[in-house]
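**Student:** Got query-v8.txt for you, compact mmCIF, C-alpha atoms:
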# COMPACT_ATOMS: atom_id res chain seq x y z
CA MET E 1 -113.35 -8.19 26.76
CA THR E 2 -116.31 -8.06 29.10
CA SER E 3 -114.34 -5.93 31.47
CA GLU E 4 -114.40 -3.03 29.06
CA LYS E 5 -117.88 -2.18 30.17
CA GLN E 6 -117.00 -2.07 33.82
CA ARG E 7 -115.65 1.43 33.96
CA THR E 8 -114.07 3.68 31.48
CA SER E 9 -112.95 6.43 33.80
CA LEU E 10 -110.13 6.34 36.29
CA PRO E 11 -110.88 5.23 39.82
CA GLN E 12 -111.41 8.25 42.03
CA ALA E 13 -108.62 7.40 44.41
CA TRP E 14 -106.12 7.17 41.64
CA GLN E 15 -106.74 10.70 40.50
CA VAL E 16 -105.56 12.08 43.83
CA GLN E 17 -102.06 10.77 43.69
CA LEU E 18 -100.12 10.83 40.51
CA PRO E 19 -97.38 8.24 40.53
CA VAL E 20 -94.31 8.96 38.56
CA PHE E 21 -93.92 6.60 35.67
CA GLU E 22 -90.73 5.72 33.93
CA GLY E 23 -92.46 5.80 30.60
CA PRO E 24 -95.58 4.84 28.68
CA LEU E 25 -95.01 1.11 29.19
CA ASP E 26 -94.74 1.66 32.92
CA LEU E 27 -98.03 3.53 32.83
CA LEU E 28 -99.65 0.75 30.81
CA LEU E 29 -98.49 -1.86 33.33
CA HIS E 30 -99.91 0.28 36.09
CA LEU E 31 -103.26 0.48 34.33
CA VAL E 32 -103.27 -3.28 33.82
CA ARG E 33 -102.62 -3.70 37.53
CA ILE E 34 -105.25 -1.30 38.87
CA ASN E 35 -107.87 -2.70 36.54
CA GLN E 36 -106.94 -6.21 37.64
CA VAL E 37 -106.89 -7.56 34.12
CA GLU E 38 -104.63 -10.14 32.55
CA ILE E 39 -101.65 -8.75 30.74
CA THR E 40 -102.32 -11.32 28.04
CA ASP E 41 -105.94 -10.27 27.63
CA ILE E 42 -105.90 -6.52 27.79
CA PRO E 43 -109.21 -4.72 27.34
CA VAL E 44 -107.77 -2.32 24.80
CA ALA E 45 -110.62 0.19 24.69
CA LEU E 46 -110.64 0.61 28.48
CA ILE E 47 -106.90 0.89 28.82
CA CYS E 48 -106.70 3.21 25.86
CA ASP E 49 -109.26 5.58 27.37
CA GLN E 50 -107.55 5.57 30.75
CA PHE E 51 -104.22 6.15 29.09
CA TYR E 52 -105.65 9.25 27.44
CA GLU E 53 -107.14 10.39 30.72
CA TYR E 54 -103.73 10.15 32.30
CA LEU E 55 -102.21 12.23 29.53
CA GLY E 56 -104.91 14.83 30.17
CA LEU E 57 -104.03 14.74 33.86
CA MET E 58 -100.39 15.31 33.09
CA ASP E 59 -101.38 18.22 30.95
CA GLU E 60 -103.52 19.68 33.73
CA LEU E 61 -100.64 19.49 36.15
CA ASN E 62 -98.47 21.21 33.58
CA LEU E 63 -96.23 18.20 33.32
CA ASP E 64 -94.64 17.84 29.98
CA VAL E 65 -96.40 15.12 28.10
CA ALA E 66 -93.39 13.58 26.46
CA GLY E 67 -93.50 12.49 22.87
CA ASP E 68 -92.97 8.91 23.97
CA TYR E 69 -96.37 8.90 25.65
CA ILE E 70 -98.07 10.43 22.65
CA TYR E 71 -96.48 7.87 20.37
CA GLU E 72 -97.71 5.05 22.61
CA ALA E 73 -101.17 6.64 22.75
CA ALA E 74 -101.29 6.64 18.96
CA LEU E 75 -100.34 2.96 18.92
CA LEU E 76 -103.14 2.24 21.38
CA ILE E 77 -105.71 4.05 19.26
CA GLN E 78 -104.58 2.09 16.25
CA LEU E 79 -104.90 -1.08 18.25
CA LYS E 80 -108.32 -0.07 19.52
CA SER E 81 -109.58 0.41 15.99
CA GLN E 82 -108.02 -2.87 14.87
CA MET E 83 -109.89 -4.63 17.64
CA LEU E 84 -113.18 -3.31 16.29
CA LEU E 85 -112.56 -4.83 12.88
CA PRO E 86 -113.72 -8.39 12.35
CA SER E 87 -110.89 -10.88 12.18
CA ARG E 88 -109.96 -11.63 8.61
CA GLY E 89 -108.37 -15.00 9.31
CA GLY E 90 -110.16 -18.30 9.68
CA GLU E 91 -111.37 -19.40 13.07
CA GLY E 92 -108.34 -21.55 13.73
CA SER E 93 -105.81 -18.78 13.22
CA GLU E 94 -107.68 -16.24 15.30
CA GLU E 95 -105.19 -16.25 18.12
CA GLU E 96 -102.18 -15.75 15.93
CA LEU E 97 -103.80 -12.72 14.42
CA ASP E 98 -104.57 -11.10 17.76
CA PRO E 99 -103.49 -7.51 17.08
CA ARG E 100 -102.56 -7.20 20.73
CA HIS E 101 -99.78 -9.74 20.45
CA ASN E 102 -97.06 -7.17 19.91
CA LEU E 103 -98.25 -5.04 22.81
CA VAL E 104 -98.48 -8.05 25.11
CA HIS E 105 -95.00 -9.11 24.14
CA ARG E 106 -93.59 -5.66 24.83
CA LEU E 107 -95.38 -5.37 28.15
CA LEU E 108 -94.18 -8.76 29.32
CA GLU E 109 -90.62 -7.94 28.35
CA TYR E 110 -90.86 -4.57 30.03
CA GLN E 111 -92.32 -6.20 33.13
CA ARG E 112 -89.33 -8.52 33.33
CA ILE E 113 -86.91 -5.65 32.88
CA LYS E 114 -88.68 -3.60 35.50
CA ASN E 115 -88.53 -6.43 38.01
CA ALA E 116 -84.86 -6.96 37.30
CA ALA E 117 -84.28 -3.23 37.71
CA GLN E 118 -86.05 -3.26 41.05
CA THR E 119 -83.86 -6.09 42.29
CA MET E 120 -80.84 -4.21 41.06
CA ALA E 121 -82.06 -1.10 42.86
CA GLU E 122 -82.04 -3.01 46.13
CA VAL E 123 -78.55 -4.33 45.48
CA ASP E 124 -77.47 -0.86 44.42
CA SER E 125 -78.72 0.81 47.56
CA VAL E 126 -76.96 -1.71 49.81
CA ARG E 127 -73.73 -1.70 47.84
CA GLN E 128 -73.61 2.08 47.64
CA GLY E 129 -72.54 1.76 51.25
CA ILE E 130 -69.45 -0.27 50.38
CA TRP E 131 -66.24 1.69 50.23
CA THR E 132 -62.99 0.52 48.78
CA ARG E 133 -59.46 1.76 48.72
CA GLN E 134 -59.13 4.69 46.38
CA PRO E 135 -56.94 3.89 43.38
CA GLN E 136 -54.87 7.06 43.86
CA SER E 137 -53.59 6.14 47.28
CA ALA E 138 -52.44 2.77 46.01
CA ARG E 139 -50.47 4.51 43.30
CA GLU E 140 -48.89 6.82 45.80
CA LEU E 141 -47.74 3.83 47.80
CA VAL E 142 -46.04 2.22 44.83
CA SER E 143 -43.47 4.41 43.21
CA VAL E 144 -42.94 2.00 40.33
CA PRO E 145 -44.84 2.80 37.16
CA HIS E 146 -48.41 2.24 38.05
CA GLN E 147 -50.25 -0.95 37.66
CA GLU E 148 -50.99 -2.40 34.28
CA VAL E 149 -54.00 -0.91 32.65
CA GLU E 150 -56.47 -3.51 31.61
CA LEU E 151 -56.92 -2.81 27.97
CA SER E 152 -60.31 -4.41 27.71
CA GLU E 153 -61.67 -1.97 30.22
CA VAL E 154 -60.57 1.15 28.40
CA SER E 155 -63.66 2.16 26.51
CA LEU E 156 -64.13 4.66 23.77
CA PHE E 157 -65.62 6.85 26.43
CA ASP E 158 -62.41 6.69 28.47
CA LEU E 159 -60.42 7.65 25.42
CA LEU E 160 -62.68 10.59 24.77
CA ARG E 161 -62.37 11.66 28.37
CA SER E 162 -58.60 11.43 28.16
CA LEU E 163 -58.63 13.43 24.97
CA LYS E 164 -60.76 16.04 26.66
CA GLU E 165 -58.30 16.20 29.55
CA VAL E 166 -55.35 16.48 27.23
CA LEU E 167 -57.03 19.20 25.21
CA GLY E 168 -57.97 20.98 28.40
CA ARG E 169 -54.38 20.86 29.61
CA TYR E 170 -53.11 21.97 26.22
CA ASP E 171 -55.47 24.91 26.23
CA HIS E 172 -54.33 25.77 29.72
CA GLU E 173 -50.66 25.62 28.79
CA HIS E 174 -51.19 27.33 25.46
CA PRO E 175 -53.45 30.25 26.09
CA ASP E 176 -54.84 31.96 23.08
CA PRO E 177 -52.29 34.30 21.51
CA LEU E 178 -52.79 37.88 22.51
CA ARG E 179 -54.99 39.32 19.85
CA LEU E 180 -54.58 42.97 19.05
CA SER E 181 -57.16 44.60 16.96
CA GLY E 182 -55.47 46.06 13.93
CA GLU E 183 -54.39 49.57 14.72
CA ARG E 184 -55.39 52.24 12.31
CA PHE E 185 -53.26 55.24 11.70
CA SER E 186 -54.76 58.21 10.03
CA VAL E 187 -52.79 60.55 7.81
CA ARG E 188 -54.32 63.51 9.61
CA ASP E 189 -53.03 62.31 12.99
CA GLN E 190 -49.55 61.98 11.56
CA PHE E 191 -49.94 65.37 9.86
CA GLU E 192 -50.76 66.98 13.18
CA ARG E 193 -48.09 65.06 15.00
CA LEU E 194 -45.38 66.14 12.55
CA LEU E 195 -46.56 69.73 12.73
CA GLY E 196 -46.26 69.50 16.47
CA VAL E 197 -42.70 68.19 16.53
CA LEU E 198 -41.39 70.54 13.85
CA SER E 199 -40.17 73.88 15.08
CA ALA E 200 -39.11 76.76 12.89
CA GLY E 201 -35.48 76.90 11.82
CA ARG E 202 -34.53 73.55 13.41
CA PRO E 203 -33.93 70.58 11.10
CA TYR E 204 -35.87 67.45 11.88
CA ASP E 205 -34.57 64.04 10.89
CA PHE E 206 -37.51 62.35 9.23
CA LEU E 207 -35.88 58.92 8.86
CA GLU E 208 -35.11 58.97 12.57
CA ASP E 209 -38.73 59.87 13.14
CA LEU E 210 -39.88 56.95 11.04
CA ARG E 211 -37.72 54.60 13.05
CA GLY E 212 -39.78 55.55 16.05
CA ARG E 213 -43.05 54.51 14.40
CA SER E 214 -44.76 51.36 15.61
CA GLY E 215 -45.02 49.61 12.29
CA ARG E 216 -45.45 49.69 8.58
CA ALA E 217 -48.96 51.16 8.75
CA GLU E 218 -47.87 54.12 10.83
CA VAL E 219 -44.80 54.68 8.67
CA VAL E 220 -46.98 54.81 5.55
CA ALA E 221 -49.36 57.21 7.24
CA ALA E 222 -46.47 59.41 8.36
CA PHE E 223 -45.00 59.36 4.87
CA LEU E 224 -48.32 60.37 3.31
CA ALA E 225 -48.62 63.11 5.92
CA LEU E 226 -45.19 64.40 4.94
CA LEU E 227 -46.21 64.51 1.27
CA GLU E 228 -49.27 66.49 2.33
CA LEU E 229 -47.17 68.88 4.41
CA ALA E 230 -44.83 69.45 1.48
CA ARG E 231 -47.69 69.97 -0.96
CA LEU E 232 -49.12 72.66 1.31
CA SER E 233 -45.64 74.22 1.60
CA LEU E 234 -45.67 73.72 5.33
CA VAL E 235 -42.27 71.99 5.26
CA ARG E 236 -39.26 71.96 3.08
CA MET E 237 -37.25 68.83 2.60
CA HIS E 238 -33.52 68.45 2.27
CA GLN E 239 -31.50 65.42 1.64
CA THR E 240 -27.97 65.35 2.97
CA GLY E 241 -25.03 63.59 1.40
CA GLU E 242 -25.34 60.83 4.00
CA GLY E 243 -28.90 60.17 2.89
CA GLU E 244 -30.57 61.88 5.81
CA LEU E 245 -33.91 63.48 5.08
CA LEU E 246 -34.20 66.73 6.97
CA LEU E 247 -37.41 68.66 7.36
CA TYR E 248 -37.63 72.39 7.94
CA ARG E 249 -40.79 74.07 9.05
CA THR E 250 -41.71 77.00 6.86
CA THR E 251 -43.25 80.13 8.29
CA ARG E 252 -46.60 79.46 6.67
CA GLU E 253 -49.45 78.67 9.09
CA VAL E 254 -51.75 75.77 8.44
CA GLU E 255 -55.32 76.76 7.72
CA GLN E 256 -58.26 74.96 9.21
CA HIS E 257 -59.78 73.89 5.88
CA GLU E 258 -56.42 72.49 4.79
CA LEU E 259 -56.25 70.41 7.95
CA GLU E 260 -59.75 69.14 7.44
CA ALA E 261 -58.93 68.17 3.85
CA VAL E 262 -56.28 65.73 5.09
CA PRO E 263 -57.77 62.21 5.11
CA ALA E 264 -58.55 61.15 8.64
CA MET L 1 -39.25 -21.75 52.80
CA THR L 2 -41.82 -19.19 53.69
CA SER L 3 -43.90 -20.09 56.69
CA LEU L 4 -47.63 -20.33 56.44
CA GLN L 5 -47.97 -17.40 58.77
CA ASP L 6 -45.70 -15.21 56.66
CA MET L 7 -47.65 -16.17 53.58
CA GLU L 8 -50.91 -15.16 55.14
CA ALA L 9 -49.34 -11.89 56.21
CA ALA L 10 -48.00 -11.29 52.70
CA LEU L 11 -51.40 -11.93 51.16
CA GLU L 12 -53.01 -9.56 53.62
CA ALA L 13 -50.46 -6.90 52.74
CA VAL L 14 -51.05 -7.21 48.99
CA LEU L 15 -54.81 -7.14 49.44
CA LEU L 16 -54.60 -4.12 51.69
CA VAL L 17 -52.91 -1.95 49.11
CA SER L 18 -54.78 -3.22 46.04
CA SER L 19 -57.62 -1.04 44.88
CA GLU L 20 -58.81 -3.41 42.17
CA PRO L 21 -60.03 -6.95 42.75
CA VAL L 22 -56.97 -9.21 42.51
CA PRO L 23 -57.49 -12.57 40.80
CA LYS L 24 -56.49 -15.47 43.05
CA ASP L 25 -53.88 -16.87 40.67
CA LYS L 26 -52.25 -13.46 40.39
CA LEU L 27 -52.20 -13.20 44.16
CA LEU L 28 -50.44 -16.57 44.45
CA GLN L 29 -47.77 -15.51 41.99
CA VAL L 30 -45.97 -13.67 44.76
CA PHE L 31 -44.84 -17.05 46.04
CA GLU L 32 -42.48 -19.45 44.41
CA ASP L 33 -43.74 -22.37 42.39
CA ARG L 34 -42.69 -25.01 44.87
CA GLU L 35 -44.58 -23.18 47.60
CA GLN L 36 -47.86 -23.05 45.76
CA GLU L 37 -49.56 -25.75 47.75
CA ARG L 38 -48.95 -23.99 51.01
CA ALA L 39 -49.78 -20.65 49.42
CA GLN L 40 -53.21 -21.93 48.51
CA GLU L 41 -53.74 -23.00 52.07
CA ALA L 42 -52.65 -19.54 53.24
CA LEU L 43 -55.08 -17.89 50.85
CA ARG L 44 -57.88 -20.11 52.05
CA LEU L 45 -57.15 -19.09 55.63
CA VAL L 46 -57.03 -15.40 54.73
CA ILE L 47 -60.33 -15.61 52.89
CA GLU L 48 -61.81 -17.41 55.85
CA ARG L 49 -60.45 -14.87 58.30
CA TYR L 50 -61.83 -11.85 56.48
CA ARG L 51 -65.27 -13.05 55.55
CA GLU L 52 -68.00 -10.52 56.31
CA SER L 53 -68.56 -10.50 60.06
CA LEU L 54 -69.55 -8.24 62.89
CA GLU L 55 -65.99 -8.40 64.22
CA HIS L 56 -64.45 -6.17 61.56
CA GLY L 57 -65.38 -3.05 59.67
CA PHE L 58 -64.10 -4.49 56.45
CA PHE L 59 -64.18 -7.83 54.69
CA LEU L 60 -62.72 -9.67 51.76
CA GLU L 61 -65.09 -9.68 48.84
CA GLU L 62 -64.95 -11.99 45.86
CA VAL L 63 -66.03 -9.87 42.96
CA ALA L 64 -65.36 -9.53 39.23
CA GLY L 65 -63.08 -12.56 39.28
CA GLY L 66 -60.88 -11.29 42.09
CA LEU L 67 -60.52 -10.49 45.77
CA ARG L 68 -60.58 -7.09 47.37
CA LEU L 69 -61.01 -5.57 50.78
CA VAL L 70 -64.15 -3.49 51.15
CA THR L 71 -65.94 -1.83 54.03
CA ARG L 72 -69.09 -3.24 55.53
CA PRO L 73 -72.03 -1.53 53.86
CA ASP L 74 -73.79 -0.68 57.10
CA LEU L 75 -70.88 1.51 58.18
CA HIS L 76 -71.17 3.99 55.35
CA GLY L 77 -72.77 6.58 57.62
CA TYR L 78 -69.56 6.91 59.61
CA LEU L 79 -67.41 7.02 56.51
CA ARG L 80 -69.58 9.71 55.02
CA ARG L 81 -69.30 11.75 58.17
CA PHE L 82 -65.54 11.30 58.42
CA PHE L 83 -64.87 12.12 54.77
CA GLU L 84 -67.57 14.78 54.74
CA VAL L 85 -69.37 13.26 51.82
CA SER L 86 -72.89 14.45 51.22
CA GLY L 87 -75.48 13.53 48.67
CA HIS L 88 -76.36 10.17 47.26
CA SER L 89 -75.31 8.81 43.95
CA LYS L 90 -78.00 6.18 43.88
CA LEU L 91 -78.97 5.15 40.41
CA SER L 92 -82.32 6.39 39.15
CA MET L 93 -85.01 3.93 38.17
CA ALA L 94 -84.56 4.98 34.55
CA ALA L 95 -80.83 4.25 34.82
CA LEU L 96 -81.49 0.89 36.47
CA GLU L 97 -84.02 -0.13 33.82
CA THR L 98 -81.58 0.75 31.10
CA LEU L 99 -78.79 -1.02 32.91
CA ALA L 100 -80.95 -4.12 33.36
CA ILE L 101 -81.74 -4.18 29.66
CA ILE L 102 -78.07 -3.87 28.77
CA ALA L 103 -77.01 -6.46 31.35
CA TYR L 104 -79.46 -9.04 30.09
CA ARG L 105 -79.56 -8.27 26.40
CA GLN L 106 -76.03 -7.14 25.60
CA PRO L 107 -74.75 -6.22 23.18
CA ILE L 108 -77.67 -3.96 22.43
CA THR L 109 -78.14 -0.65 20.64
CA GLY L 110 -79.72 2.58 21.86
CA PRO L 111 -82.79 2.27 19.60
CA GLU L 112 -83.35 -1.30 20.79
CA ILE L 113 -83.23 -0.12 24.40
CA GLN L 114 -85.70 2.62 23.54
CA GLU L 115 -88.04 0.05 21.99
CA LEU L 116 -87.92 -2.03 25.17
CA ARG L 117 -88.41 0.85 27.57
CA GLY L 118 -90.80 2.89 25.45
CA VAL L 119 -88.81 6.04 26.16
CA SER L 120 -85.68 7.62 24.84
CA SER L 121 -82.64 6.56 26.85
CA SER L 122 -79.83 8.69 25.47
CA GLY L 123 -79.45 10.81 28.60
CA VAL L 124 -79.41 7.75 30.82
CA LEU L 125 -76.85 6.05 28.58
CA LYS L 126 -74.57 9.02 28.98
CA THR L 127 -74.85 8.83 32.76
CA LEU L 128 -74.13 5.11 32.76
CA LEU L 129 -71.12 5.63 30.49
CA GLU L 130 -69.83 8.32 32.82
CA LYS L 131 -70.23 6.02 35.79
CA ARG L 132 -68.36 3.41 33.73
CA LEU L 133 -71.08 0.85 34.35
CA ILE L 134 -71.50 0.33 30.62
CA ARG L 135 -69.25 0.73 27.64
CA ILE L 136 -69.53 0.87 23.90
CA THR L 137 -68.59 -2.53 22.58
CA GLY L 138 -68.89 -1.83 18.88
CA ARG L 139 -71.38 -0.85 16.24
CA LYS L 140 -74.23 -2.84 14.87
CA GLN L 141 -73.95 -3.43 11.15
CA VAL L 142 -77.37 -2.03 10.32
CA VAL L 143 -78.51 1.28 8.86
CA GLY L 144 -77.02 4.12 10.87
CA LYS L 145 -74.47 1.79 12.49
CA PRO L 146 -75.69 2.47 16.05
CA PHE L 147 -73.38 1.87 18.99
CA LEU L 148 -73.66 -1.40 20.82
CA TYR L 149 -73.57 -1.23 24.59
CA GLY L 150 -72.38 -3.79 27.11
CA THR L 151 -71.63 -3.87 30.80
CA THR L 152 -68.18 -3.37 32.29
CA ARG L 153 -66.06 -4.90 35.02
CA GLU L 154 -67.12 -1.88 37.05
CA PHE L 155 -70.68 -3.09 36.69
CA LEU L 156 -69.75 -6.47 38.16
CA MET L 157 -67.96 -4.77 41.02
CA HIS L 158 -70.83 -2.41 41.69
CA PHE L 159 -73.37 -5.18 41.90
CA GLY L 160 -71.07 -7.61 43.64
CA LEU L 161 -71.01 -10.17 40.85
CA GLN L 162 -68.20 -12.52 39.96
CA ARG L 163 -69.36 -12.98 36.40
CA LEU L 164 -72.29 -11.88 34.26
CA ASP L 165 -73.91 -15.30 34.47
CA GLU L 166 -74.41 -14.72 38.18
CA LEU L 167 -77.25 -12.38 37.31
CA PRO L 168 -80.52 -14.07 38.23
CA PRO L 169 -82.11 -15.37 35.04
CA LEU L 170 -84.69 -12.99 33.65
CA ASP L 171 -87.16 -15.83 33.22
CA GLU L 172 -87.31 -16.25 36.98
CA PHE L 173 -88.92 -12.87 37.20
CA GLU L 174 -91.36 -13.96 34.57
CA GLU L 175 -92.31 -17.10 36.45
CA ALA L 176 -92.71 -15.14 39.62
CA PHE L 177 -95.46 -13.18 37.96
CA GLY L 178 -97.18 -16.15 36.49
CA PHE L 179 -97.41 -15.48 32.82
CA GLY L 180 -95.59 -16.94 29.92
CA GLU L 181 -93.87 -15.40 26.93
CA SER L 182 -97.05 -15.48 24.85
CA GLY L 183 -100.51 -15.75 26.24
CA GLU L 184 -102.03 -18.28 23.86
CA SER L 185 -102.51 -20.98 26.45
CA GLU L 186 -104.44 -18.67 28.72
CA VAL L 187 -106.93 -17.37 26.18
Have the structure of the file written as structure tokens, please.

**Tutor:**
Amino acid sequence: MTSEKQRTSLPQAWQVQLPVFEGPLDLLLHLVRINQVEITDIPVALICDQFYEYLGLMDELNLDVAGDYIYEAALLIQLKSQMLLPSRGGEGSEEELDPRHNLVHRLLEYQRIKNAAQTMAEVDSVRQGIWTRQPQSARELVSVPHQEVELSEVSLFDLLRSLKEVLGRYDHEHPDPLRLSGERFSVRDQFERLLGVLSAGRPYDFLEDLRGRSGRAEVVAAFLALLELARLSLVRMHQTGEGELLLYRTTREVEQHELEAVPA
Amino acid sequence: MTSLQDMEAALEAVLLVSSEPVPKDKLLQVFEDREQERAQEALRLVIERYRESLEHGFFLEEVAGGLRLVTRPDLHGYLRRFFEVSGHSKLSMAALETLAIIAYRQPITGPEIQELRGVSSSGVLKTLLEKRLIRITGRKQVVGKPFLYGTTREFLMHFGLQRLDELPPLDEFEEAFGFGESGESEV
């Protein structure tokens, strides 16, 4: 741990360019590299301080310091404090109790993964250039039911995608029913309407009128309006032998306050 | 009896219209049993004829346990221009890291991947699922029953592998960097 005294701040050159890291472990590996220390013998205090400096840098550049970094920083601080405590084990078991063991293990594993990923990136970029026959055109060529689906390759994700497609098609073929906001018919409207259609001396077939209403609600409103008209002696009602209900307009004029008293 | 030449032609025809890698034994099924010996010879010749070369714009690739005709990777510029394809669908480093973890440690759960990478990987997992490079293989019987992820046949095809065990061993990377699993010996 002699290297911890060497420098605690970031090298000047490094502050100029800010590499993009895939995560806190990537950053830690980078710090190990630029400080030229062994991954298996990490100077925790130094790395911890530089890690924090980097977080500060991210903050300065208004980059979001993701929670993952903060979590890792907390682990490092814990580790740093553990390193300051004297080892509780005997001399022989000192190595096993190295508090850094877990970190070292994670870094080594991450290093391996990262290297594998880099190799795969190279393969990926070459093989992106490979084109193959599109499955659709093959199906067009064969008119027989298309090739067997390999069951093992149909994942839950495929099923979900199919479901989504089916639902999408269903929605397309079954558009939402036309929704009409419930119409409201006021008694006063019907009152005025009936007054308008009634003319003096001419009978008016009320049942015929009701047949022309749009629905139950309007019929009820019209009926209530008729009761109102009769109460105010504005119409007289006659029922014929055939059951017709005939309305006759009386000579009385409707007064404004009477009209206003009719529920709207 | 089908002539050797006709057999080669037939194999070429089947390979031309197949979009998926065709396993060799399935390919040979188009010929009768008594002709199998010659059919194998025909297949060998076809494979030989269409190995990757500067002569042709396409070649016969052995991938994911089968054979398929693919274009030479260096020609993609022309294809892109002809089919008016723009933009790259190269995998991000985050996606590749996640994919590497899954490829080498499958089946593995999301939280385990997160532990290895140090960052949340749910967005990347979604992308990889959409690209069909990984699939959900089941659920781990632990608290929360997280999904287990594994690679797909698509993954093999994308990376030009016959089988998963063709992946270079992870330990080789480790050796290349000169440190062991635990550092005791070096302290």

**Student:** Within 7 Å of chain L, which residues of chain E show up when using only C-alpha atoms, listed as a PyMOL selection string?

**Tutor:** chain E and resi 22-25+40+68+95+105-106+110+112-117+120-121+123-127+129-135+138+153+155-157

**Student:** Determine, counting all atoms listed in the file, which protein, DNA and RNA residues have an atom within 10 Å of an atom of Leu194 of chain E; residues of the same chain fewer than 5 positions away are not included. Present the result as an NGL selection string.

**Tutor:** :E and (188-189 or 199 or 204 or 206 or 209 or 222 or 225-226 or 229 or 235 or 247 or 249)

**Student:** How many Å lie between atom CA of Met7 of chain L and atom CA of Leu28 of chain L, rounded to one decimal?

**Tutor:** 9.6 Å

**Student:** Go ahead and compute the interatomic distance for atom CA of Cys48 of chain E and atom CA of Tyr69 of chain E, in Å to one decimal.

**Tutor:** 11.8 Å

**Student:** For a test of reading the model, state the distance in Å between atom CA of Phe59 of chain L and atom CA of Leu128 of chain L, rounded to one decimal.

**Tutor:**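 Atom CA of Phe59 of chain L sits 27.3 Å away from atom CA of Leu128 of chain L.
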
**Student:** Which residues, written as a ChimeraX atom specification, have at least one atom at most 12 Å from Arg211 of chain E, with only C-alpha atoms counted and residues fewer than 6 positions away on the same chain left out?

**Tutor:** /E:205,218-220,222-223
